[in-house]
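**Student:** Structure: input34.txt, compact mmCIF, C-alpha atoms.
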# COMPACT_ATOMS: atom_id res chain seq x y z
CA MET A 392 -57.13 9.19 -11.99
CA ARG A 393 -56.49 8.72 -8.26
CA THR A 394 -54.25 5.84 -7.32
CA PHE A 395 -54.00 4.28 -3.90
CA ASP A 396 -51.31 2.35 -2.09
CA LEU A 397 -53.47 0.21 0.15
CA HIS A 398 -50.68 -1.03 2.41
CA VAL A 399 -48.23 1.18 4.28
CA ARG A 400 -46.81 -0.21 7.52
CA PHE A 401 -45.80 2.93 9.33
CA ASN A 402 -44.01 2.40 12.64
CA PRO A 403 -44.93 5.26 15.00
CA ARG A 404 -42.18 4.38 17.50
CA ASP A 405 -39.41 5.36 15.14
CA ASN A 406 -39.00 9.14 15.24
CA ASP A 407 -36.85 9.17 12.14
CA LYS A 408 -39.69 7.98 9.98
CA LYS A 409 -42.18 10.75 10.41
CA LEU A 410 -45.62 10.12 9.02
CA GLU A 411 -45.79 13.66 7.63
CA SER A 412 -42.74 13.04 5.45
CA LEU A 413 -44.19 9.74 4.28
CA VAL A 414 -47.44 11.44 3.29
CA ALA A 415 -45.49 14.23 1.52
CA MET A 416 -43.47 11.66 -0.41
CA ALA A 417 -46.67 9.82 -1.41
CA GLN A 418 -48.02 13.10 -2.76
CA ASP A 419 -44.78 13.71 -4.69
CA LEU A 420 -45.12 10.25 -6.20
CA THR A 421 -48.65 11.19 -7.39
CA PHE A 422 -50.60 8.91 -5.06
CA GLY A 423 -54.17 9.95 -4.30
CA GLY A 424 -54.39 8.01 -1.06
CA LEU A 425 -52.72 5.64 1.38
CA ALA A 426 -54.06 2.92 3.63
CA LEU A 427 -52.42 2.93 7.05
CA ASP A 428 -52.75 0.59 9.99
CA SER A 429 -55.68 1.56 12.16
CA SER A 430 -53.31 2.03 15.13
CA THR A 431 -51.41 4.82 13.36
CA PRO A 432 -51.91 8.14 15.17
CA LEU A 433 -52.99 10.90 12.78
CA THR A 434 -52.78 14.62 13.41
CA GLN A 435 -55.47 17.04 12.22
CA ASP A 436 -53.07 18.38 9.55
CA LEU A 437 -52.75 14.93 8.06
CA ILE A 438 -56.49 14.32 8.12
CA ASP A 439 -56.98 17.63 6.27
CA SER A 440 -54.23 16.90 3.70
CA PRO A 441 -55.29 16.37 0.06
CA LEU A 442 -54.05 12.79 0.27
CA LYS A 443 -56.86 10.49 1.34
CA LEU A 444 -55.84 8.40 4.34
CA ILE A 445 -57.69 5.15 4.88
CA GLN A 446 -57.69 2.86 7.88
CA ARG A 447 -56.85 -0.79 7.41
CA GLN A 448 -56.39 -3.64 9.78
CA THR A 449 -54.48 -6.81 9.04
CA LEU A 450 -55.35 -9.94 10.97
CA THR A 451 -53.32 -13.15 10.96
CA PRO A 452 -55.56 -15.93 12.32
CA ARG A 453 -54.00 -19.27 13.21
CA SER A 454 -57.18 -21.29 12.62
CA THR A 455 -60.58 -20.97 10.92
CA ALA A 456 -62.29 -20.71 14.33
CA ARG A 457 -60.04 -17.80 15.27
CA LEU A 458 -60.77 -16.20 11.88
CA LYS A 459 -64.48 -15.72 12.66
CA GLN A 460 -63.68 -14.57 16.18
CA TYR A 461 -61.19 -11.96 14.92
CA ILE A 462 -63.51 -10.65 12.22
CA GLY A 463 -66.38 -10.21 14.66
CA LYS A 464 -64.14 -8.25 16.98
CA ASN A 465 -62.39 -6.00 14.46
CA ARG A 466 -64.82 -5.39 11.59
CA ARG A 467 -66.37 -2.25 13.04
CA GLN A 468 -63.07 -0.62 13.92
CA THR A 469 -61.64 -0.33 10.46
CA GLU A 470 -62.44 0.70 6.90
CA ILE A 471 -60.57 -2.14 5.20
CA LEU A 472 -60.24 -5.51 6.87
CA VAL A 473 -57.42 -7.67 5.53
CA ILE A 474 -56.62 -11.26 6.36
CA HIS A 475 -53.02 -12.44 6.19
CA SER A 476 -53.44 -16.14 5.56
CA ARG A 477 -50.66 -18.69 5.81
CA THR A 478 -52.54 -21.96 5.42
CA LYS A 479 -54.86 -23.37 2.78
CA PRO A 480 -57.90 -23.93 5.07
CA ILE A 481 -57.81 -20.28 6.14
CA TRP A 482 -57.58 -19.14 2.52
CA LEU A 483 -60.61 -21.21 1.58
CA ALA A 484 -62.58 -20.15 4.66
CA THR A 485 -61.75 -16.45 4.16
CA ALA A 486 -62.97 -16.52 0.57
CA GLU A 487 -66.49 -17.22 1.81
CA VAL A 488 -66.59 -14.47 4.44
CA PRO A 489 -68.12 -11.32 2.90
CA MET A 490 -66.93 -9.12 5.77
CA VAL A 491 -63.30 -9.56 4.75
CA ASP A 492 -62.29 -7.00 2.13
CA MET A 493 -59.15 -8.68 0.84
CA ILE A 494 -56.51 -11.29 1.53
CA MET A 495 -52.85 -10.40 1.72
CA ILE A 496 -49.82 -12.34 0.53
CA ARG A 497 -46.43 -11.05 1.55
CA ASP A 498 -43.90 -13.68 2.63
CA MET A 499 -42.34 -16.69 0.97
CA GLU A 500 -44.61 -19.11 2.92
CA ASP A 501 -47.72 -17.22 1.77
CA PHE A 502 -46.82 -17.58 -1.90
CA THR A 503 -45.93 -21.27 -1.65
CA VAL A 504 -49.39 -22.08 -0.22
CA ILE A 505 -51.23 -20.80 -3.29
CA ASP A 506 -52.38 -23.41 -5.75
CA SER A 507 -54.99 -23.63 -8.49
CA GLN A 508 -57.78 -24.57 -6.05
CA ILE A 509 -57.19 -21.45 -3.94
CA ALA A 510 -56.96 -19.31 -7.07
CA ARG A 511 -60.23 -20.67 -8.47
CA THR A 512 -62.01 -20.20 -5.13
CA MET A 513 -60.80 -16.59 -4.84
CA ALA A 514 -61.92 -15.85 -8.38
CA ALA A 515 -65.33 -17.49 -7.81
CA HIS A 516 -65.95 -15.34 -4.71
CA LYS A 517 -64.46 -12.22 -6.36
CA LYS A 518 -62.24 -11.68 -3.37
CA PRO A 519 -59.37 -9.27 -4.09
CA ILE A 520 -55.85 -10.48 -3.31
CA GLU A 521 -53.26 -8.01 -2.11
CA VAL A 522 -49.77 -8.76 -3.37
CA CYS A 523 -47.26 -6.97 -1.17
CA LEU A 524 -44.08 -6.29 -3.18
CA ASN A 525 -41.93 -5.17 -0.25
CA GLY A 526 -39.90 -8.41 -0.21
CA LEU A 527 -38.57 -7.71 -3.70
CA LEU A 528 -37.10 -4.46 -2.41
CA THR A 529 -35.71 -5.68 0.87
CA PHE A 530 -34.10 -8.99 -0.18
CA HIS A 531 -31.03 -9.41 -2.34
CA GLY A 532 -29.22 -12.34 -3.92
CA PRO A 533 -30.44 -15.93 -3.37
CA PRO A 534 -33.33 -15.03 -0.98
CA ARG A 535 -34.73 -12.65 -3.61
CA SER A 536 -34.33 -15.29 -6.34
CA LYS A 537 -36.27 -17.78 -4.22
CA LEU A 538 -38.96 -15.21 -3.49
CA ILE A 539 -39.30 -14.29 -7.18
CA ARG A 540 -39.67 -17.98 -8.03
CA ALA A 541 -42.38 -18.52 -5.39
CA MET A 542 -44.17 -15.31 -6.37
CA THR A 543 -44.05 -16.15 -10.09
CA SER A 544 -45.57 -19.57 -9.47
CA ALA A 545 -48.34 -18.07 -7.31
CA MET A 546 -49.02 -15.33 -9.86
CA ASP A 547 -49.34 -17.91 -12.65
CA HIS A 548 -52.19 -19.58 -10.71
CA LEU A 549 -53.87 -16.29 -9.81
CA VAL A 550 -53.61 -14.75 -13.29
CA ARG A 551 -54.86 -17.94 -14.95
CA ALA A 552 -57.89 -18.02 -12.62
CA LYS A 553 -58.53 -14.29 -13.37
CA CYS A 554 -58.32 -13.24 -9.73
CA SER A 555 -58.59 -9.60 -8.80
CA LEU A 556 -55.10 -8.49 -7.78
CA ILE A 557 -54.06 -5.39 -5.85
CA LEU A 558 -50.38 -4.46 -5.83
CA THR A 559 -49.10 -2.66 -2.74
CA SER A 560 -45.70 -1.44 -1.57
CA GLY A 561 -45.94 -2.52 2.09
CA ALA A 562 -43.62 0.39 2.78
CA THR A 563 -42.39 0.92 6.33
CA ASN A 564 -40.86 4.30 5.57
CA LYS A 565 -40.95 6.84 2.78
CA TRP A 566 -37.93 5.39 0.97
CA GLU A 567 -39.82 2.17 0.34
CA LEU A 568 -42.68 3.93 -1.41
CA ARG A 569 -42.74 3.68 -5.20
CA ALA A 570 -44.75 5.68 -7.75
CA PRO A 571 -47.90 3.85 -8.92
CA ARG A 572 -46.62 3.03 -12.40
CA ASP A 573 -43.21 1.99 -11.02
CA LEU A 574 -44.95 -0.32 -8.58
CA ALA A 575 -46.82 -1.84 -11.51
CA ALA A 576 -43.49 -2.19 -13.35
CA ILE A 577 -42.17 -4.42 -10.54
CA GLY A 578 -44.91 -6.83 -11.62
CA TYR A 579 -42.71 -7.62 -14.63
CA LEU A 580 -40.34 -9.52 -12.31
CA ILE A 581 -43.09 -11.89 -11.19
CA ASN A 582 -44.72 -12.39 -14.60
CA ILE A 583 -47.77 -10.17 -14.14
CA PRO A 584 -48.82 -8.93 -17.59
CA GLU A 585 -48.47 -5.16 -18.02
CA ASN A 586 -52.19 -4.46 -18.49
CA LEU A 587 -53.07 -6.58 -15.43
CA ALA A 588 -50.45 -4.79 -13.34
CA LYS A 589 -51.96 -1.43 -14.31
CA THR A 590 -55.43 -2.68 -13.36
CA ALA A 591 -54.00 -3.98 -10.08
CA ILE A 592 -52.64 -0.56 -9.21
CA ILE A 593 -55.43 1.71 -10.52
CA ASN A 594 -58.81 0.05 -11.07
CA ASN A 595 -58.90 -2.73 -8.47
CA PRO A 596 -58.08 -0.54 -5.42
CA LEU A 597 -60.71 1.97 -6.54
CA ALA A 598 -63.29 -0.80 -6.99
CA LEU A 599 -62.49 -2.15 -3.52
CA LEU A 600 -62.80 1.28 -1.92
CA SER A 601 -66.10 2.06 -3.63
CA LYS A 602 -67.41 -1.36 -2.55
CA THR A 603 -66.44 -0.81 1.09
CA ARG A 604 -67.96 2.69 0.98
CA ASN A 605 -71.23 1.35 -0.46
CA LEU A 606 -71.41 -1.41 2.14
CA ALA A 607 -70.70 1.09 4.92
CA GLY A 608 -73.59 3.21 3.65
CA LYS A 609 -76.02 0.29 3.56
CA ASN A 610 -75.04 -1.45 6.75
CA PRO A 611 -74.19 0.63 9.83
CA THR A 612 -72.31 -2.26 11.47
CA ARG A 613 -69.73 -2.03 8.70
CA GLN A 614 -69.28 1.68 9.21
CA ALA A 615 -65.74 2.43 10.28
CA ARG A 616 -65.27 4.11 13.61
CA ARG A 617 -62.51 6.64 13.18
CA LYS A 618 -60.47 6.93 16.36
CA PHE A 619 -58.94 10.30 15.60
CA MET B 265 -31.97 -0.73 -39.93
CA ARG B 266 -31.80 1.91 -37.22
CA THR B 267 -32.22 0.58 -33.67
CA ARG B 268 -35.37 1.83 -31.96
CA ARG B 269 -34.79 3.18 -28.49
CA ARG B 270 -36.72 4.60 -25.59
CA TYR B 271 -35.64 7.36 -23.24
CA LEU B 272 -36.85 7.29 -19.63
CA ALA B 273 -37.13 10.69 -17.97
CA VAL B 274 -36.54 10.05 -14.26
CA GLN B 275 -36.97 12.18 -11.17
CA LEU B 276 -34.80 11.10 -8.22
CA HIS B 277 -35.78 11.49 -4.58
CA SER B 278 -32.93 11.16 -2.12
CA LYS B 279 -32.37 11.62 1.61
CA ASP B 280 -29.01 13.39 1.31
CA GLU B 281 -26.81 14.66 -1.46
CA LEU B 282 -27.29 12.75 -4.68
CA PRO B 283 -24.59 10.25 -5.72
CA THR B 284 -21.99 10.90 -8.37
CA GLU B 285 -22.68 9.97 -11.96
CA SER B 286 -20.40 6.92 -11.83
CA ALA B 287 -21.98 5.67 -8.58
CA LEU B 288 -25.45 6.02 -10.12
CA ARG B 289 -24.43 4.22 -13.30
CA ASN B 290 -22.64 1.43 -11.43
CA THR B 291 -25.56 0.81 -9.08
CA ILE B 292 -28.01 0.49 -11.95
CA TRP B 293 -25.65 -1.82 -13.89
CA GLN B 294 -25.22 -3.95 -10.77
CA GLN B 295 -28.97 -4.14 -10.20
CA LEU B 296 -29.60 -5.08 -13.83
CA GLN B 297 -26.94 -7.78 -13.66
CA GLU B 298 -28.38 -9.18 -10.42
CA LEU B 299 -31.85 -9.40 -11.89
CA TYR B 300 -31.27 -10.40 -15.52
CA GLY B 301 -27.64 -11.54 -15.83
CA GLU B 302 -25.14 -10.35 -18.42
CA LEU B 303 -27.19 -11.63 -21.35
CA GLY B 304 -30.25 -9.76 -20.13
CA VAL B 305 -28.28 -6.56 -19.59
CA SER B 306 -26.89 -6.71 -23.12
CA ARG B 307 -30.45 -6.97 -24.48
CA ILE B 308 -31.66 -4.02 -22.42
CA GLY B 309 -28.96 -1.71 -23.84
CA PHE B 310 -28.94 0.57 -20.81
CA TRP B 311 -27.15 3.92 -21.09
CA LEU B 312 -27.09 7.02 -18.91
CA ILE B 313 -27.88 9.92 -21.22
CA ALA B 314 -28.10 12.80 -18.76
CA TYR B 315 -27.77 13.31 -15.05
CA HIS B 316 -28.28 16.55 -13.22
CA PRO B 317 -27.87 16.18 -9.42
CA ASP B 318 -28.96 19.78 -8.71
CA SER B 319 -32.38 19.28 -10.23
CA GLN B 320 -32.42 15.56 -9.21
CA THR B 321 -33.21 14.44 -12.72
CA ALA B 322 -31.78 11.90 -15.15
CA ILE B 323 -32.47 10.39 -18.55
CA PHE B 324 -31.79 6.72 -19.23
CA ARG B 325 -31.80 4.94 -22.56
CA CYS B 326 -32.84 1.37 -23.39
CA GLN B 327 -34.05 -0.69 -26.35
CA HIS B 328 -37.65 0.07 -27.27
CA ASP B 329 -38.92 -3.37 -26.16
CA GLN B 330 -36.96 -3.41 -22.90
CA VAL B 331 -38.66 -0.58 -21.01
CA SER B 332 -40.38 -2.89 -18.50
CA PRO B 333 -37.19 -4.69 -17.35
CA LEU B 334 -35.33 -1.41 -16.90
CA ARG B 335 -38.24 0.20 -15.09
CA ALA B 336 -38.59 -2.81 -12.78
CA ALA B 337 -34.85 -2.70 -11.99
CA LEU B 338 -34.99 1.02 -11.21
CA ALA B 339 -37.99 0.48 -8.94
CA THR B 340 -36.16 -2.19 -6.93
CA ILE B 341 -33.13 -0.01 -6.16
CA ARG B 342 -33.33 1.16 -2.54
CA SER B 343 -30.06 2.98 -1.97
CA ILE B 344 -26.83 4.12 -3.57
CA ASN B 345 -23.75 4.12 -1.30
CA SER B 346 -26.09 3.59 1.68
CA ILE B 347 -28.08 6.76 0.83
CA PRO B 348 -31.78 5.93 0.36
CA ILE B 349 -33.04 6.79 -3.11
CA VAL B 350 -36.31 6.50 -5.05
CA PHE B 351 -36.46 6.57 -8.85
CA GLN B 352 -39.69 7.97 -10.27
CA VAL B 353 -40.16 7.56 -14.01
CA VAL B 354 -42.07 10.68 -15.07
CA GLY B 355 -42.27 9.83 -18.75
CA ILE B 356 -41.00 7.70 -21.61
CA SER B 357 -40.13 9.07 -25.01
CA GLY B 358 -38.70 7.98 -28.34
CA THR B 359 -36.35 10.95 -28.65
CA ILE B 360 -33.91 12.69 -26.31
CA ARG B 361 -35.40 16.07 -27.20
CA LYS B 362 -38.85 15.03 -26.01
CA ALA B 363 -37.42 13.37 -22.89
CA VAL B 364 -35.72 16.65 -21.96
CA THR B 365 -39.06 18.48 -22.21
CA LEU B 366 -40.54 15.97 -19.72
CA LEU B 367 -38.07 17.24 -17.12
CA PRO B 368 -38.43 21.02 -16.98
CA ASP B 369 -35.65 21.36 -14.37
CA LEU B 370 -33.05 19.50 -16.42
CA ASP B 371 -30.33 21.61 -17.97
CA PRO B 372 -30.26 20.58 -21.69
CA HIS B 373 -26.47 21.11 -21.70
CA MET B 374 -26.13 18.16 -19.30
CA VAL B 375 -27.24 15.74 -22.00
CA ILE B 376 -24.40 13.44 -22.99
CA HIS B 377 -24.65 12.69 -26.68
CA PRO B 378 -24.58 8.88 -26.92
CA ARG B 379 -22.54 8.79 -30.16
CA LYS B 380 -19.60 10.52 -28.48
CA HIS B 381 -19.43 7.81 -25.81
CA ARG B 382 -19.70 4.61 -27.79
Before anything else, please render the file you have as structure tokens.
**Tutor:**
Amino acid sequence: MRTFDLHVRFNPRDNDKKLESLVAMAQDLTFGGLALDSSTPLTQDLIDSPLKLIQRQTLTPRSTARLKQYIGKNRRQTEILVIHSRTKPIWLATAEVPMVDMIMIRDMEDFTVIDSQIARTMAAHKKPIEVCLNGLLTFHGPPRSKLIRAMTSAMDHLVRAKCSLILTSGATNKWELRAPRDLAAIGYLINIPENLAKTAIINNPLALLSKTRNLAGKNPTRQARRKF
Amino acid sequence: MRTRRRYLAVQLHSKDELPTESALRNTIWQQLQELYGELGVSRIGFWLIAYHPDSQTAIFRCQHDQVSPLRAALATIRSINSIPIVFQVVGISGTIRKAVTLLPDLDPHMVIHPRKHR
């Protein structure tokens, strides 16, 4: 079965972190596809590679008014539109917007915002939630302990509400990529049950991609405009 | 009663030359201690069974119900002696013999018999 890492933050300015090597590493780690920022420049070789490369765009709106403005502007330019929400009103507003594909949580502040109301709303609207595990790799000592505590608390709410979770690496270079099952194993640290972690790494990304593909087929305004 | 164990067949991906056996073992011990404390480490029962830097493969041992904690700890290791490294668990087995077959590049003579090192 093909597995996807739906969040790789490649930095094209850094020559040391070549995108080709990142893609090769993802193939070695048995990934079937990667989602890269829509600004990432892709060569023809990469487009033709067996690894499926998907465009994603992450927006961080400061208010609910800005949220609608941003979505209107960016929806057509990307295959997956992700909202990085830091406040409760934006979480609740995003849940009701069908044009947003998923909501991302990455930092300590993001996890502390989540409560049972947000979790129930996300589950009711069947909006997938991307849990970026990069912080667990980058932090050490007390900051990591605090992050694990915040993430565990957030996961308790989300798992109890039966939200659809998607685990991603949020890798900025190839050494931060992890094999799909190893990424799911990190879920153990934040109390995600093993079967749910597997679903979050295999089934849920596939379901999201097939949904976005179906919507793109039905509605031309949702069709992604590939820049390369 | 005999203790049930699991053997993790691991492929290593590294930027430069792979670390020495002691550096590898120490880094994993340190990571396990950071995450689970000494009590947790004692429950995991981690042991390095085989390590072959040329083929970039290794076999680790743990208690049969402690695979998830060990796997999570391996996945959170980013570097050894400042050299970036990625651990990829290619398979889990109940016997060393089967774990060796999961790593075709591993030299079977590199396997350290656990009983000799207790």
**Student:** Would you mind listing, for every residue of chain B within 8 Å of chain A, the two atoms forming the shortest contact and the distance between them in Å to one decimal, using all atoms listed in the file, sorted by chain and ascending residue number, as JSON lines?
**Tutor:**
{"residue": "B:Glu298", "atom": "CA", "partner": "A:Gly532", "partner_atom": "CA", "distance": 7.3}
{"residue": "B:Ser332", "atom": "CA", "partner": "A:Ala576", "partner_atom": "CA", "distance": 6.1}
{"residue": "B:Pro333", "atom": "CA", "partner": "A:Tyr579", "partner_atom": "CA", "distance": 6.8}
{"residue": "B:Arg335", "atom": "CA", "partner": "A:Ala576", "partner_atom": "CA", "distance": 6.0}
{"residue": "B:Ala336", "atom": "CA", "partner": "A:Ile577", "partner_atom": "CA", "distance": 4.5}
{"residue": "B:Ala337", "atom": "CA", "partner": "A:Ile577", "partner_atom": "CA", "distance": 7.7}
{"residue": "B:Ala339", "atom": "CA", "partner": "A:Asp573", "partner_atom": "CA", "distance": 5.8}
{"residue": "B:Thr340", "atom": "CA", "partner": "A:Leu528", "partner_atom": "CA", "distance": 5.1}
{"residue": "B:Ile341", "atom": "CA", "partner": "A:Leu528", "partner_atom": "CA", "distance": 7.0}
{"residue": "B:Arg342", "atom": "CA", "partner": "A:Leu528", "partner_atom": "CA", "distance": 6.8}
{"residue": "B:Pro348", "atom": "CA", "partner": "A:Trp566", "partner_atom": "CA", "distance": 6.2}
{"residue": "B:Ile349", "atom": "CA", "partner": "A:Trp566", "partner_atom": "CA", "distance": 6.5}
{"residue": "B:Val350", "atom": "CA", "partner": "A:Trp566", "partner_atom": "CA", "distance": 6.3}
{"residue": "B:Phe351", "atom": "CA", "partner": "A:Arg569", "partner_atom": "CA", "distance": 7.8}
{"residue": "B:Gln352", "atom": "CA", "partner": "A:Ala570", "partner_atom": "CA", "distance": 6.1}
{"residue": "B:Val353", "atom": "CA", "partner": "A:Asp573", "partner_atom": "CA", "distance": 7.0}
**Student:** With distances taken over all atoms listed in the file, which of A:Leu437, A:Ala510, A:Leu599, A:Leu444 is nearest to Leu472 (chain A)?
**Tutor:**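 When distances to Leu472 (chain A) are compared using all atoms listed in the file, the smallest one comes from A:Leu599.
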**Student:** I'd like the neighbourhood of Pro368 (chain B) as an mmCIF file with C-alpha atoms, in the coordinates of the input, where a residue qualifies if any of its atoms comes within 12 Å (using all atoms listed in the file), though same-chain residues fewer than 2 positions away should be ignored.
**Tutor:**
data_model
loop_
_atom_site.group_PDB
_atom_site.id
_atom_site.type_symbol
_atom_site.label_atom_id
_atom_site.label_comp_id
_atom_site.auth_asym_id
_atom_site.auth_seq_id
_atom_site.Cartn_x
_atom_site.Cartn_y
_atom_site.Cartn_z
ATOM 1 C CA ALA B 273 -37.130 10.690 -17.970
ATOM 2 C CA VAL B 274 -36.540 10.050 -14.260
ATOM 3 C CA GLN B 275 -36.970 12.180 -11.170
ATOM 4 C CA HIS B 316 -28.280 16.550 -13.220
ATOM 5 C CA SER B 319 -32.380 19.280 -10.230
ATOM 6 C CA GLN B 320 -32.420 15.560 -9.210
ATOM 7 C CA THR B 321 -33.210 14.440 -12.720
ATOM 8 C CA ALA B 322 -31.780 11.900 -15.150
ATOM 9 C CA VAL B 354 -42.070 10.680 -15.070
ATOM 10 C CA GLY B 355 -42.270 9.830 -18.750
ATOM 11 C CA ARG B 361 -35.400 16.070 -27.200
ATOM 12 C CA LYS B 362 -38.850 15.030 -26.010
ATOM 13 C CA ALA B 363 -37.420 13.370 -22.890
ATOM 14 C CA VAL B 364 -35.720 16.650 -21.960
ATOM 15 C CA THR B 365 -39.060 18.480 -22.210
ATOM 16 C CA LEU B 366 -40.540 15.970 -19.720
ATOM 17 C CA LEU B 370 -33.050 19.500 -16.420
ATOM 18 C CA ASP B 371 -30.330 21.610 -17.970
ATOM 19 C CA PRO B 372 -30.260 20.580 -21.690
#
**Student:** What gap, in Å, lies between CA of Thr543 (chain A) and CA of Ile581 (chain A)?
**Tutor:** 4.5 Å
**Student:** Please provide as a list in words all residues within 9 Å of Val331 (chain B), with the sequence filter that same-chain residues fewer than 3 positions apart are discarded (counting all atoms listed in the file).
**Tutor:** Arg270, Tyr271, Leu272, Ile308, Arg325, Cys326, Gln327, His328, Leu334, Arg335, Ala336 and Ile356 of chain B
**Student:** Write to file, as a PDB file, in the coordinates of the input, the residues of the selection just made, with C-alpha atoms.
**Tutor:**
ATOM      1  CA  ARG B 270     -36.720   4.600 -25.590  1.00  0.00           C
ATOM      2  CA  TYR B 271     -35.640   7.360 -23.240  1.00  0.00           C
ATOM      3  CA  LEU B 272     -36.850   7.290 -19.630  1.00  0.00           C
ATOM      4  CA  ILE B 308     -31.660  -4.020 -22.420  1.00  0.00           C
ATOM      5  CA  ARG B 325     -31.800   4.940 -22.560  1.00  0.00           C
ATOM      6  CA  CYS B 326     -32.840   1.370 -23.390  1.00  0.00           C
ATOM      7  CA  GLN B 327     -34.050  -0.690 -26.350  1.00  0.00           C
ATOM      8  CA  HIS B 328     -37.650   0.070 -27.270  1.00  0.00           C
ATOM      9  CA  LEU B 334     -35.330  -1.410 -16.900  1.00  0.00           C
ATOM     10  CA  ARG B 335     -38.240   0.200 -15.090  1.00  0.00           C
ATOM     11  CA  ALA B 336     -38.590  -2.810 -12.780  1.00  0.00           C
ATOM     12  CA  ILE B 356     -41.000   7.700 -21.610  1.00  0.00           C
TER      13      ILE B 356
END
**Student:** Please, what distance in Å, to one decimal, runs between CA of Leu425 (chain A) and CA of Leu558 (chain A)?
**Tutor:** 12.6 Å
**Student:** Using all atoms listed in the file, which of B:Glu302, B:Leu276, B:Leu282, B:Arg266 sits nearest Asn345 (chain B)?
**Tutor:**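 Of the candidates, the smallest distance to Asn345 (chain B) is held by B:Leu282.
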**Student:** Could you state the separation of CA of Arg400 (chain A) and CA of Thr563 (chain A) in Å, given to one decimal place?
**Tutor:** 4.7 Å
**Student:** Counting all atoms listed in the file, what is within 12 Å of Asp439 (chain A), bar same-chain residues fewer than 5 positions away, as number ranges by chain?
**Tutor:** A: 411, 414, 433-434, 444
**Student:** Here is a test: counting all atoms listed in the file, which residue of A:Ala514, A:Leu556, A:Arg497, A:Asn564 is nearest to Lys589 (chain A)?
**Tutor:**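 Between A:Ala514, A:Leu556, A:Arg497, A:Asn564, the residue approaching Lys589 (chain A) most closely is A:Leu556.
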**Student:** Identify the residues around (-57.7, 11.5, -0.5) within a radius of 7 Å, measuring from all atoms listed in the file in the coordinates stated by the file, and give them as a ChimeraX atom specification.
**Tutor:** /A:423-424,441-444
**Student:** Just want the 9 Å neighbourhood of Asp547 (chain A), counted on only C-alpha atoms, with same-chain residues fewer than 4 positions away dropped. Output as a PyMOL selection string.
**Tutor:** chain A and resi 542-543+551-552+581-583
